[in-house]
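Worksheet: the structure to be examined is printed underneath.
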Amino acid sequence: MKTIPQPPQSLSELMKRANAMAGLSLGLLAHSHNITVPKNLKRDKGWVGQLIEHELGAIAGSKPEPDFANLGIELKTIPINHQGKPIETTYVTVAPLQNIQGLTWENSVVYHKLRQVLWIPIQGERHIPINDRQIGTPILWRPSDIEMQQLKQDWEEIMELITLGQIDSITARHGEVLQLRPKAANSKILTQCIGKEGGLALTNPRGFYLKIAFTHQILSQLI
DNA sequence: GATTGATCATAG
DNA sequence: CTATGATCAATC
């Protein structure tokens, strides 16, 4: 990353930049920033996201806050196939596993992150060289009442199990639109969580992910 | 082919 | 280790 990110000061400015990227290839965008394009994403899984963040001037850092704090917007790139269908689930945030007594949906990180999301669809089929993958039309999304209700319901169900010390019984099958899956360098990483007797226990860190059917629905409703 | 559980790079 | 950015790959 050699150029200096310039955070957009308004929504219109952000959208203007995002729309300007539509149709361009990742190779072209990377070249304009003197960034090397990896041959595959096996060891650079977050490369595409980082590139787009850089292009749009998102504030870098690993804080549990929206990418554009001043605008309240979360930026997410999402790999799609030739039919415009998402190829992967979408990571939202890590799941809080302790000090969660009394935590409500309205106060959760998931809720705040999904209030407003700027989706950047990008061709992700493996047979397409990363250099040639094209950036799609950005979609600014706000959950509808129904979508918000689905998210809230899944979140509350999952959080209740965690609070009850039953995190190890949770699998990716829980939830209609939101699921909980491992989120760590590997399965040997441990973090504190609530035990069965209400005490402390250790488990693999988890993260919340949006299922493909849900994100597909979002990308389908052209705004 | 879709899904679930595992994994990779980097910053602080 | 935790959090960001996600995709990989074994299994169903």
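Here, A, B, ... name the chains of the structure tokens in the order displayed, residue numbers run from 1 inside each chain, and ligands are numbered from 1 in the same displayed order.
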- Message: Which residues are close to DT10 (chain B), i.e. within 12 Å by only C-alpha atoms (C1' of nucleotides), leaving aside same-chain residues fewer than 3 positions away? Reply as a VMD selection string.
- Response: (chain A and resid 43 to 47 50 60 to 62 185) or (chain C and resid 3 to 5)
- Using DSSP on the backbone coordinates, identify all residues within region 29-222 of chain A classified as alpha helix (DSSP H); present the result as number ranges by chain. A: 29-32, 47-56, 109-113, 145-163, 212-220
Mind writing the picked residues with C-alpha atoms as a compact mmCIF listing (two decimals), in the first residue's frame?
```txt
# COMPACT_ATOMS: atom_id res chain seq x y z
CA LEU A 29 -6.81 -1.36 -9.55
CA ALA A 30 -3.84 -3.02 -7.87
CA HIS A 31 -1.50 -1.68 -10.53
CA SER A 32 -2.64 1.89 -9.92
CA TRP A 47 -6.23 -9.40 -0.23
CA VAL A 48 -9.30 -8.36 -2.20
CA GLY A 49 -10.93 -6.78 0.81
CA GLN A 50 -7.78 -4.88 1.68
CA LEU A 51 -7.44 -3.60 -1.89
CA ILE A 52 -10.98 -2.27 -2.01
CA GLU A 53 -10.70 -0.74 1.44
CA HIS A 54 -7.58 1.04 0.33
CA GLU A 55 -9.14 2.29 -2.88
CA LEU A 56 -12.13 3.72 -1.05
CA VAL A 109 -21.80 -5.39 17.31
CA VAL A 110 -23.65 -7.43 14.72
CA TYR A 111 -26.61 -5.06 14.80
CA HIS A 112 -24.49 -1.95 14.46
CA LYS A 113 -22.34 -3.37 11.68
CA ASP A 145 -37.84 -4.86 8.90
CA ILE A 146 -38.21 -8.49 7.96
CA GLU A 147 -34.48 -9.00 7.42
CA MET A 148 -33.69 -7.28 10.69
CA GLN A 149 -36.15 -9.55 12.46
CA GLN A 150 -34.52 -12.65 10.96
CA LEU A 151 -31.09 -11.48 12.07
CA LYS A 152 -32.30 -10.61 15.54
CA GLN A 153 -33.98 -13.97 16.00
CA ASP A 154 -30.92 -15.96 14.97
CA TRP A 155 -28.63 -13.76 17.05
CA GLU A 156 -30.73 -14.14 20.18
CA GLU A 157 -30.95 -17.89 19.77
CA ILE A 158 -27.20 -18.24 19.40
CA MET A 159 -26.37 -15.82 22.20
CA GLU A 160 -28.70 -17.61 24.59
CA LEU A 161 -26.84 -20.86 24.05
CA ILE A 162 -23.52 -19.11 24.65
CA THR A 163 -24.86 -17.52 27.84
CA ILE A 212 -25.34 -17.36 1.16
CA ALA A 213 -29.10 -17.43 0.65
CA PHE A 214 -29.38 -14.23 2.65
CA THR A 215 -26.64 -12.29 0.89
CA HIS A 216 -27.91 -13.55 -2.45
CA GLN A 217 -31.26 -12.03 -1.61
CA ILE A 218 -29.59 -8.73 -0.76
CA LEU A 219 -27.64 -8.56 -4.00
CA SER A 220 -30.77 -9.40 -5.98
```
- In Å to one decimal, how far is CA of Asn131 (chain A) from CA of Gly23 (chain A)? 12.9 Å
- Message: Would you mind listing, as number ranges by chain, all residues of chain B that have at least one atom within 7 Å of chain A, where only C-alpha atoms (C1' of nucleotides) are what counts?
- Response: B: 4-9, 11
Just-selected residues, C-alpha atoms (C1' of nucleotides) written as an mmCIF file, in the first residue's frame:
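The result, stored in out_8.cif:
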```cif
data_model
loop_
_atom_site.group_PDB
_atom_site.id
_atom_site.type_symbol
_atom_site.label_atom_id
_atom_site.label_comp_id
_atom_site.auth_asym_id
_atom_site.auth_seq_id
_atom_site.Cartn_x
_atom_site.Cartn_y
_atom_site.Cartn_z
ATOM 1 C "C1'" DT B 4 -19.415 -26.906 7.625
ATOM 2 C "C1'" DG B 5 -15.459 -26.603 10.104
ATOM 3 C "C1'" DA B 6 -10.553 -25.128 9.461
ATOM 4 C "C1'" DT B 7 -7.227 -22.026 8.055
ATOM 5 C "C1'" DC B 8 -4.054 -17.857 6.164
ATOM 6 C "C1'" DA B 9 -1.992 -12.943 6.471
ATOM 7 C "C1'" DA B 11 -1.888 -5.130 12.761
#
```
